[in-house]
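Containing compact mmCIF, C-alpha atoms and all ligand atoms: upload_15.txt.
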# COMPACT_ATOMS: atom_id res chain seq x y z
CA MET A 309 -168.41 58.24 -24.56
CA ASN A 310 -167.83 56.28 -27.74
CA ARG A 311 -171.34 54.96 -27.72
CA THR A 312 -174.25 55.16 -30.17
CA LEU A 313 -177.86 56.03 -29.49
CA ILE A 314 -180.34 54.50 -31.95
CA ILE A 315 -183.74 56.10 -32.43
CA ALA A 316 -186.39 53.38 -32.58
CA GLU A 317 -189.09 53.71 -35.23
CA HIS A 318 -192.44 52.07 -34.55
CA ASP A 319 -196.14 52.40 -35.25
CA GLY A 320 -197.28 51.95 -31.66
CA THR A 321 -197.58 48.19 -32.08
CA SER A 322 -194.46 46.89 -33.80
CA LEU A 323 -190.87 47.94 -33.93
CA ASN A 324 -189.88 48.86 -37.49
CA PRO A 325 -186.97 46.70 -38.78
CA SER A 326 -185.18 49.97 -39.63
CA THR A 327 -184.21 50.14 -35.93
CA SER A 328 -182.27 46.90 -36.12
CA LYS A 329 -180.64 48.04 -39.38
CA CYS A 330 -179.43 51.21 -37.67
CA ALA A 331 -178.06 49.01 -34.90
CA ARG A 332 -176.11 47.02 -37.51
CA CYS A 333 -174.63 50.32 -38.72
CA ALA A 334 -173.59 51.13 -35.12
CA THR A 335 -171.77 47.81 -34.89
CA ALA A 336 -169.98 48.63 -38.18
CA ILE A 337 -168.77 51.83 -36.52
CA GLY A 338 -167.50 49.50 -33.82
CA GLN A 339 -169.59 50.88 -31.02
CA ASP A 340 -171.89 49.63 -28.30
CA PHE A 341 -175.36 51.03 -28.66
CA ASP A 342 -178.48 51.89 -26.70
CA ILE A 343 -181.95 52.35 -28.18
CA VAL A 344 -184.46 55.05 -27.31
CA VAL A 345 -188.14 54.24 -27.76
CA MET A 346 -190.44 57.27 -27.68
CA GLY A 347 -194.20 56.97 -27.62
CA SER A 348 -197.19 56.32 -25.45
CA SER A 349 -197.55 52.86 -23.83
CA THR A 350 -194.16 51.83 -25.16
CA ASN A 351 -193.68 48.66 -23.07
CA GLU A 352 -194.23 46.20 -25.90
CA ILE A 353 -192.05 48.16 -28.33
CA ALA A 354 -189.30 48.44 -25.72
CA THR A 355 -189.40 44.66 -25.24
CA GLN A 356 -189.00 44.15 -28.99
CA ALA A 357 -186.08 46.61 -29.07
CA ALA A 358 -184.44 44.85 -26.12
CA ALA A 359 -184.31 41.66 -28.19
CA ILE A 360 -182.02 43.19 -30.83
CA ASP A 361 -178.63 41.46 -30.64
CA GLY A 362 -176.10 43.50 -28.71
CA ALA A 363 -178.46 46.24 -27.49
CA GLY A 364 -177.06 47.76 -24.28
CA THR A 365 -179.97 49.58 -22.67
CA VAL A 366 -183.38 50.39 -24.07
CA ILE A 367 -184.54 53.80 -22.84
CA SER A 368 -188.29 53.98 -22.90
CA VAL A 369 -189.73 57.51 -22.85
CA ASP A 370 -193.44 57.24 -22.37
CA ALA A 371 -195.74 60.27 -22.63
CA GLU A 372 -199.06 61.05 -24.25
CA HIS A 373 -197.60 63.83 -26.43
CA LEU A 374 -194.96 61.44 -27.82
CA ALA A 375 -197.60 58.99 -29.12
CA ASN A 376 -197.36 60.28 -32.68
CA PRO A 377 -194.06 60.64 -34.53
CA LEU A 378 -193.84 64.43 -34.43
CA ALA A 379 -190.24 65.54 -34.86
CA ALA A 380 -190.95 68.70 -32.86
CA ASN A 381 -191.70 66.58 -29.78
CA HIS A 382 -189.28 63.71 -30.30
CA ALA A 383 -186.20 65.81 -31.10
CA SER A 384 -186.07 67.54 -27.73
CA GLU A 385 -186.19 64.18 -25.92
CA VAL A 386 -183.22 62.89 -27.90
CA VAL A 387 -181.27 66.10 -27.36
CA ALA A 388 -181.89 65.82 -23.61
CA MET A 389 -180.01 62.50 -23.51
CA ALA A 390 -177.43 63.29 -26.20
CA ASP A 391 -174.58 64.07 -23.79
CA GLY A 392 -173.82 60.42 -23.18
CA TYR A 393 -173.36 59.58 -26.86
CA SER A 394 -170.80 60.25 -29.58
CA HIS A 395 -173.16 59.08 -32.35
CA ILE A 396 -176.94 59.34 -32.78
CA LEU A 397 -178.41 57.27 -35.60
CA GLY A 398 -181.90 57.21 -37.08
CA PRO A 399 -183.33 55.55 -40.19
CA SER A 400 -183.50 57.23 -43.60
CA THR A 401 -187.25 56.63 -43.61
CA THR A 402 -189.84 59.42 -43.64
CA TYR A 403 -189.70 59.46 -39.82
CA GLY A 404 -185.91 59.64 -39.62
CA ARG A 405 -185.56 62.18 -42.40
CA ASP A 406 -187.97 64.43 -40.53
CA LEU A 407 -186.46 63.93 -37.09
CA MET A 408 -182.68 63.74 -37.51
CA PRO A 409 -182.05 67.17 -39.10
CA ARG A 410 -183.94 68.75 -36.22
CA ILE A 411 -181.78 66.89 -33.69
CA ALA A 412 -178.64 67.93 -35.58
CA ALA A 413 -179.74 71.56 -35.66
CA LEU A 414 -180.53 71.59 -31.93
CA LEU A 415 -177.09 70.10 -31.22
CA GLY A 416 -175.38 72.54 -33.58
CA VAL A 417 -173.83 69.93 -35.89
CA ASN A 418 -174.29 69.05 -39.55
CA GLN A 419 -176.28 65.93 -40.25
CA VAL A 420 -174.62 63.07 -42.11
CA SER A 421 -177.24 61.65 -44.49
CA ASP A 422 -177.94 58.19 -45.80
CA ILE A 423 -174.96 56.19 -44.55
CA SER A 424 -174.58 53.14 -46.81
CA ALA A 425 -171.14 52.03 -45.57
CA VAL A 426 -168.79 52.86 -42.73
CA GLU A 427 -165.03 53.45 -43.00
CA ASP A 428 -164.65 54.44 -39.33
CA GLY A 429 -166.53 56.52 -36.78
CA TYR A 430 -166.12 59.74 -38.75
CA HIS A 431 -165.84 58.50 -42.35
CA PHE A 432 -168.87 57.21 -44.17
CA LYS A 433 -170.10 56.47 -47.67
CA ARG A 434 -173.39 57.44 -49.23
CA PRO A 435 -174.85 57.28 -52.76
CA ILE A 436 -175.50 60.49 -54.72
CA TYR A 437 -176.78 61.32 -58.22
CA ALA A 438 -179.56 58.76 -58.07
CA GLY A 439 -177.12 56.11 -56.87
CA ASN A 440 -174.71 56.61 -59.78
CA ALA A 441 -171.83 57.79 -57.60
CA ILE A 442 -170.70 57.03 -54.07
CA VAL A 443 -169.33 59.92 -52.06
CA ASP A 444 -167.05 59.83 -49.00
CA VAL A 445 -168.45 61.92 -46.17
CA HIS A 446 -166.08 63.06 -43.41
CA ALA A 447 -167.59 64.32 -40.16
CA PRO A 448 -165.24 66.42 -37.99
CA GLU A 449 -163.16 64.05 -35.81
CA GLY A 450 -164.37 64.10 -32.23
CA SER A 451 -167.60 65.97 -32.95
CA LYS A 452 -170.98 64.48 -32.22
CA VAL A 453 -172.26 62.58 -35.26
CA VAL A 454 -175.98 62.78 -36.02
CA ALA A 455 -176.81 60.65 -39.04
CA THR A 456 -179.48 58.87 -41.01
CA VAL A 457 -178.77 55.29 -42.03
CA ARG A 458 -179.76 54.15 -45.53
CA VAL A 459 -181.92 51.22 -44.43
CA ALA A 460 -181.78 49.52 -47.85
CA SER A 461 -178.01 49.08 -47.38
CA TRP A 462 -178.04 47.28 -44.03
CA LYS A 463 -179.33 43.91 -42.90
CA ALA A 464 -181.16 43.70 -39.60
CA LEU A 465 -179.33 42.18 -36.64
CA GLY A 466 -180.62 39.01 -35.00
CA ASP A 467 -183.15 39.05 -32.19
CA GLY A 468 -181.35 37.10 -29.48
CA GLY A 469 -180.63 40.13 -27.29
CA ASN A 470 -181.78 40.68 -23.76
CA ALA A 471 -181.17 44.35 -22.98
CA ALA A 472 -182.30 46.07 -19.80
CA VAL A 473 -185.23 48.45 -20.26
CA GLU A 474 -185.02 51.77 -18.41
CA SER A 475 -188.07 54.02 -18.12
CA LYS A 476 -187.57 57.74 -18.33
CA SER A 477 -190.03 60.62 -18.02
CA ALA A 478 -190.35 63.06 -20.88
CA SER A 479 -188.01 65.99 -20.40
CA SER A 480 -190.09 68.51 -22.34
CA ALA A 481 -193.74 69.40 -22.68
CA ALA A 482 -195.58 69.08 -26.00
CA SER A 483 -194.52 71.53 -28.68
CA SER A 484 -196.77 74.58 -28.71
CA HIS A 485 -196.50 75.19 -32.46
CA THR A 486 -196.85 71.70 -33.97
CA ARG A 487 -199.76 69.39 -33.39
CA TYR A 488 -200.86 66.03 -34.72
CA VAL A 489 -204.04 66.21 -36.79
CA ASN A 490 -204.51 62.77 -38.34
CA LEU A 491 -202.81 60.16 -40.49
CA GLU A 492 -203.93 59.49 -44.04
CA SER A 493 -202.15 56.52 -45.49
CA GLY A 494 -202.67 54.93 -48.88
CA GLY A 495 -200.97 51.69 -47.95
CA GLY A 496 -203.76 50.18 -45.86
CA GLU A 497 -202.85 46.89 -44.24
CA ARG A 498 -200.14 45.98 -46.76
CA PRO A 499 -196.54 45.67 -45.61
CA ASP A 500 -194.50 48.84 -45.36
CA LEU A 501 -192.64 49.33 -48.66
CA GLN A 502 -189.30 50.02 -47.02
CA THR A 503 -189.29 46.84 -44.98
CA ALA A 504 -191.43 44.45 -47.10
CA THR A 505 -189.68 41.28 -48.26
CA SER A 506 -191.52 41.41 -51.56
CA VAL A 507 -192.98 44.35 -53.49
CA ILE A 508 -195.17 44.45 -56.60
CA SER A 509 -195.28 47.73 -58.53
CA GLY A 510 -197.27 49.11 -61.41
CA GLY A 511 -196.34 51.83 -63.87
CA ARG A 512 -198.02 54.16 -66.33
CA ALA A 513 -199.12 51.13 -68.34
CA MET A 514 -201.72 50.30 -65.66
CA ALA A 515 -203.66 53.09 -67.42
CA SER A 516 -206.25 53.76 -64.68
CA LYS A 517 -206.92 53.77 -60.96
CA GLU A 518 -209.36 50.89 -61.43
CA ASN A 519 -206.77 48.79 -63.29
CA PHE A 520 -204.31 49.42 -60.45
CA ASP A 521 -206.49 47.12 -58.33
CA LEU A 522 -204.76 44.29 -60.24
CA ILE A 523 -201.51 45.27 -58.49
CA TYR A 524 -203.19 45.32 -55.06
CA GLU A 525 -204.91 41.98 -55.67
CA LEU A 526 -201.68 40.28 -56.72
CA ALA A 527 -199.74 41.87 -53.86
CA ASP A 528 -202.33 40.63 -51.36
CA LEU A 529 -202.11 37.09 -52.72
CA ILE A 530 -198.44 36.87 -51.78
CA GLY A 531 -198.40 39.29 -48.84
CA ALA A 532 -196.32 41.82 -50.75
CA GLY A 533 -196.12 45.59 -50.46
CA ALA A 534 -197.58 47.58 -53.37
CA GLY A 535 -195.48 50.20 -55.14
CA ALA A 536 -195.63 52.39 -58.22
CA SER A 537 -193.59 54.44 -60.63
CA ARG A 538 -193.81 58.20 -60.47
CA ALA A 539 -195.75 58.26 -63.73
CA ALA A 540 -198.44 56.08 -62.15
CA VAL A 541 -198.55 58.31 -59.08
CA ASP A 542 -198.64 61.52 -61.13
CA ALA A 543 -201.48 60.11 -63.23
CA GLY A 544 -203.49 59.60 -60.02
CA TYR A 545 -203.64 55.80 -60.27
CA CYS A 546 -202.39 55.41 -56.68
CA PRO A 547 -201.27 57.50 -53.67
CA ASN A 548 -197.84 59.13 -53.73
CA ASP A 549 -196.57 57.30 -50.64
CA MET A 550 -196.37 54.28 -52.96
CA GLN A 551 -193.78 55.90 -55.25
CA VAL A 552 -190.55 53.94 -55.57
CA GLY A 553 -187.40 55.70 -56.71
CA GLN A 554 -185.18 58.70 -56.36
CA THR A 555 -187.93 61.02 -55.20
CA GLY A 556 -189.97 58.22 -53.65
CA LYS A 557 -188.90 55.32 -51.48
CA ILE A 558 -185.60 53.49 -51.67
CA ILE A 559 -186.45 49.85 -51.04
CA SER A 560 -184.60 46.55 -50.67
CA PRO A 561 -187.11 43.67 -50.86
CA ASP A 562 -185.92 40.13 -51.61
CA LEU A 563 -188.31 40.13 -54.59
CA TYR A 564 -189.40 43.10 -56.72
CA ILE A 565 -191.89 42.65 -59.56
CA ALA A 566 -192.44 45.59 -61.93
CA PHE A 567 -195.43 45.64 -64.26
CA GLY A 568 -195.44 48.13 -67.13
CA ILE A 569 -192.52 50.18 -65.80
CA SER A 570 -189.96 51.31 -68.38
CA GLY A 571 -186.95 51.40 -66.04
CA ALA A 572 -186.03 55.08 -65.95
CA ILE A 573 -182.85 55.71 -63.93
CA GLN A 574 -184.87 57.57 -61.27
CA HIS A 575 -186.98 54.45 -60.72
CA ILE A 576 -184.06 52.01 -60.81
CA THR A 577 -182.24 53.95 -58.10
CA GLY A 578 -185.03 52.96 -55.72
CA ILE A 579 -184.63 49.22 -56.35
CA LYS A 580 -180.85 48.82 -56.70
CA ASP A 581 -180.66 46.85 -53.46
CA ALA A 582 -183.55 44.50 -54.28
CA GLY A 583 -182.69 40.78 -54.33
CA THR A 584 -184.43 39.42 -57.43
CA ILE A 585 -185.96 41.88 -59.90
CA VAL A 586 -188.69 40.61 -62.19
CA ALA A 587 -189.97 42.83 -65.01
CA VAL A 588 -193.02 42.42 -67.19
CA ASN A 589 -193.11 44.85 -70.09
CA LYS A 590 -194.56 44.44 -73.56
CA ASP A 591 -191.58 46.28 -75.10
CA ALA A 592 -188.70 43.79 -75.28
CA ASP A 593 -186.24 46.72 -75.52
CA ALA A 594 -187.45 48.45 -72.34
CA PRO A 595 -184.44 49.51 -70.21
CA ILE A 596 -185.80 47.72 -67.16
CA PHE A 597 -184.75 44.43 -68.75
CA GLU A 598 -181.12 45.54 -68.35
CA VAL A 599 -181.43 45.34 -64.56
CA ALA A 600 -184.03 42.59 -64.30
CA ASP A 601 -182.96 39.10 -63.19
CA ILE A 602 -186.07 37.69 -64.83
CA GLY A 603 -187.78 39.45 -67.71
CA LEU A 604 -191.00 38.70 -69.49
CA ALA A 605 -191.84 40.59 -72.69
CA ALA A 606 -195.59 40.36 -72.46
CA ASP A 607 -198.81 42.29 -71.86
CA LEU A 608 -199.37 42.80 -68.14
CA PHE A 609 -203.13 42.56 -68.62
CA THR A 610 -202.60 38.95 -69.68
CA VAL A 611 -199.87 38.08 -67.20
CA ILE A 612 -201.43 39.41 -63.98
CA PRO A 613 -204.75 37.52 -64.36
CA GLU A 614 -202.77 34.35 -65.14
CA MET A 615 -200.60 34.83 -62.06
CA LYS A 616 -203.67 35.49 -59.94
CA GLN A 617 -205.23 32.29 -61.16
CA LEU A 618 -202.11 30.26 -60.42
CA LEU A 619 -201.70 31.76 -56.95
CA GLY A 620 -205.36 32.03 -55.99
C1 LIG B 1 -185.93 64.62 -60.86
C2 LIG B 1 -186.76 63.43 -61.22
C3 LIG B 1 -187.10 62.52 -60.24
C4 LIG B 1 -187.85 61.39 -60.54
N1 LIG B 1 -188.15 60.48 -59.55
C5 LIG B 1 -188.80 59.35 -59.88
C6 LIG B 1 -189.07 58.35 -58.89
O1 LIG B 1 -188.76 58.51 -57.70
N2 LIG B 1 -189.67 57.22 -59.28
C7 LIG B 1 -190.05 56.98 -60.58
O2 LIG B 1 -190.61 55.92 -60.87
N3 LIG B 1 -189.82 57.92 -61.51
C8 LIG B 1 -189.24 59.08 -61.21
N4 LIG B 1 -189.04 60.03 -62.16
C9 LIG B 1 -189.70 59.85 -63.47
C10 LIG B 1 -188.96 58.92 -64.42
O3 LIG B 1 -187.99 59.66 -65.16
C11 LIG B 1 -189.94 58.26 -65.41
O4 LIG B 1 -190.63 59.27 -66.09
C12 LIG B 1 -190.95 57.33 -64.75
O5 LIG B 1 -190.30 56.43 -63.90
C13 LIG B 1 -191.69 56.57 -65.84
O6 LIG B 1 -192.69 55.77 -65.26
P1 LIG B 1 -193.22 54.46 -66.00
O7 LIG B 1 -192.07 53.55 -66.24
O8 LIG B 1 -194.38 53.98 -65.26
O9 LIG B 1 -193.78 55.07 -67.35
P2 LIG B 1 -193.22 54.96 -68.86
O10 LIG B 1 -191.80 55.42 -68.92
O11 LIG B 1 -194.21 55.64 -69.70
O12 LIG B 1 -193.20 53.40 -69.15
C14 LIG B 1 -194.35 52.64 -69.28
C15 LIG B 1 -193.89 51.26 -69.75
O13 LIG B 1 -195.01 50.40 -69.78
C16 LIG B 1 -194.84 49.52 -70.90
N5 LIG B 1 -196.19 49.06 -71.26
C17 LIG B 1 -197.19 49.77 -71.84
N6 LIG B 1 -198.30 49.00 -71.91
C18 LIG B 1 -197.99 47.79 -71.38
C19 LIG B 1 -198.71 46.60 -71.16
N7 LIG B 1 -200.02 46.50 -71.49
N8 LIG B 1 -198.08 45.54 -70.58
C20 LIG B 1 -196.77 45.61 -70.23
N9 LIG B 1 -196.04 46.73 -70.41
C21 LIG B 1 -196.65 47.81 -70.96
C22 LIG B 1 -194.19 50.37 -71.96
O14 LIG B 1 -193.50 49.54 -72.88
C23 LIG B 1 -193.25 51.23 -71.12
O15 LIG B 1 -191.96 50.65 -71.02
C24 LIG B 1 -188.29 61.18 -61.88
C25 LIG B 1 -187.94 62.09 -62.87
C26 LIG B 1 -187.20 63.20 -62.55
C27 LIG B 1 -186.82 64.17 -63.63

Could I get this structure in the form of structure tokens?
Amino acid sequence: MNRTLIIAEHDGTSLNPSTSKCARCATAIGQDFDIVVMGSSTNEIATQAAAIDGAGTVISVDAEHLANPLAANHASEVVAMADGYSHILGPSTTYGRDLMPRIAALLGVNQVSDISAVEDGYHFKRPIYAGNAIVDVHAPEGSKVVATVRVASWKALGDGGNAAVESKSASSAASSHTRYVNLESGGGERPDLQTATSVISGGRAMASKENFDLIYELADLIGAGAGASRAAVDAGYCPNDMQVGQTGKIISPDLYIAFGISGAIQHITGIKDAGTIVAVNKDADAPIFEVADIGLAADLFTVIPEMKQLLG
């Protein structure tokens, strides 16, 4: 049973690229993998999952009470099919970080967190101390491995697969002690920060919620996700699900543009895997210029309107 089960993440319409990144991690372990899609009306998502290169079987578990990503409901479904798998992988996104520890607890194993590299099926690497050190994590040989995969560290697989889709009824009823109330999201229609190919962020220097609209306007012009430093979030300029960094989101866009962000280590740890980092800061000695590929020592309130004009 050297086989991996990947937990698919989706929003009911599209499969999150984190699923394919987890699948890449499974191939690094050297294992064949299946994908479980949980939700309500999951046909379209299952079809998208079946297209991931190398997917064995897509198991589609369709039930009304699985429609929303409640760990209390999803965990028991995964546990019910865990016998056939040596490894169960989920993304290190908000969904995966909620779900995977519950699966691990139900299976009586410790969770391996944030896999960034694979040595073999039981030896992994993950960053610690805000990405300043890499630690070797050894899971007990032969035990079931339940792990989150650091999505910023893995590239998605191709989409030339043609896996069989198997429908399965839910094995448990809805949880009696957890219920879905509603979703409040600050991100609107903008791309998800953890999978966006480009992200534009603002820091404390934005100085107000109203000024932060400049970040949204620029992001929308190039179809980017919008992010923020913790100082901007704490000051109430934008919602906290936009926070990038150690205690926010770890992201890996091809392009990251930071406006008025000093470059504290806790922020930098969230963008270490970004392709090109562009920083605009009026202090030429700001630490962010040490990691930026392109730096502009200038006032963001001059630069953003100019960029908007050029792009608009
Ligand atoms: C345990 C812990 C966890 C943390 N986690 C996170 C995290 O996840 N993410 C995070 O971001 N931070 C985090 N922090 C906070 C972090 O240490 C910094 O305080 C924070 O990142 C600073 O945000 P900032 O760069 O927006 O603000 P500041 O450090 O105040 O920098 C503002 C910058 O804007 C520049 N500036 C000012 N005006 C202009 C202008 N008009 N045009 C251009 N530039 C201008 C200034 O030169 C300055 O460099 C954490 C801290 C701790 C202790």

Once you count all atoms listed in the file, what closest atom pair and distance in Å to one decimal does each residue of segment 461-515 of chain A within 10 Å of segment 548-570 of chain A have, with rows by chain and rising residue number, as CSV?
residue,atom,partner,partner_atom,distance
A:Ser461,CA,A:Ser560,CA,7.8
A:Trp462,CA,A:Ser560,CA,9.4
A:Lys463,CA,A:Ser560,CA,9.8
A:Ser493,CA,A:Asp549,CA,7.6
A:Gly494,CA,A:Asp549,CA,6.8
A:Gly495,CA,A:Met550,CA,7.3
A:Asp500,CA,A:Met550,CA,9.5
A:Leu501,CA,A:Ile559,CA,6.7
A:Gln502,CA,A:Ile559,CA,4.9
A:Thr503,CA,A:Pro561,CA,7.0
A:Ala504,CA,A:Pro561,CA,5.8
A:Thr505,CA,A:Pro561,CA,4.4
A:Ser506,CA,A:Leu563,CA,4.6
A:Val507,CA,A:Tyr564,CA,5.0
A:Ile508,CA,A:Ile565,CA,4.8
A:Ser509,CA,A:Ala566,CA,4.9
A:Gly510,CA,A:Phe567,CA,4.9
A:Gly511,CA,A:Ile569,CA,4.6
A:Arg512,CA,A:Gly568,CA,6.6
A:Ala513,CA,A:Gly568,CA,4.9
A:Met514,CA,A:Gly568,CA,6.8
A:Ala515,CA,A:Gly568,CA,9.6

File dump, residues just selected, C-alpha atoms, as a compact mmCIF listing (two decimals), in the coordinates of the input:
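Listing of selection.txt after writing:
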# COMPACT_ATOMS: atom_id res chain seq x y z
CA SER A 461 -178.01 49.08 -47.38
CA TRP A 462 -178.04 47.28 -44.03
CA LYS A 463 -179.33 43.91 -42.90
CA SER A 493 -202.15 56.52 -45.49
CA GLY A 494 -202.67 54.93 -48.88
CA GLY A 495 -200.97 51.69 -47.95
CA ASP A 500 -194.50 48.84 -45.36
CA LEU A 501 -192.64 49.33 -48.66
CA GLN A 502 -189.30 50.02 -47.02
CA THR A 503 -189.29 46.84 -44.98
CA ALA A 504 -191.43 44.45 -47.10
CA THR A 505 -189.68 41.28 -48.26
CA SER A 506 -191.52 41.41 -51.56
CA VAL A 507 -192.98 44.35 -53.49
CA ILE A 508 -195.17 44.45 -56.60
CA SER A 509 -195.28 47.73 -58.53
CA GLY A 510 -197.27 49.11 -61.41
CA GLY A 511 -196.34 51.83 -63.87
CA ARG A 512 -198.02 54.16 -66.33
CA ALA A 513 -199.12 51.13 -68.34
CA MET A 514 -201.72 50.30 -65.66
CA ALA A 515 -203.66 53.09 -67.42

- Message: Rounded to one decimal, what separation in Å do you get between atom CA of Val345 of chain A and atom CA of Ala357 of chain A?
- Response: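 Calculated distance between atom CA of Val345 of chain A and atom CA of Ala357 of chain A is 8.0 Å.
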
- Query: Counting all atoms listed in the file, which of A:Leu526, A:Glu497, A:His446, A:Met309 gets nearest to Lys616 of chain A?
  - Reply: A:Leu526

- Query: Counting only C-alpha atoms and all ligand atoms, which of A:Asp601, A:Ile315, A:Ala447, A:Ala438 gets nearest to ligand LIG 1 (chain B)?
  - Reply: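 Among the listed residues, A:Ala438 lies closest to ligand LIG 1 (chain B).
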
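The closest residue to ligand LIG 1 (chain B), picked from A:Asp528, A:Glu427, A:Asp593, A:Asp521 and counting only C-alpha atoms and all ligand atoms, is A:Asp593.
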
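Among the candidate residues A:Ala460, A:Leu374, A:Ala543, A:Ala605, the one lying nearest to Asp581 of chain A is A:Ala460, with distances computed using all atoms listed in the file.
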
- Message: Applying 7 Å and all atoms listed in the file, which residues near Val459 of chain A remain after dropping the ones on its own chain fewer than 2 positions away? List them as a VMD selection string.
- Response: chain A and resid 326 329 399 to 400 457 461 to 462
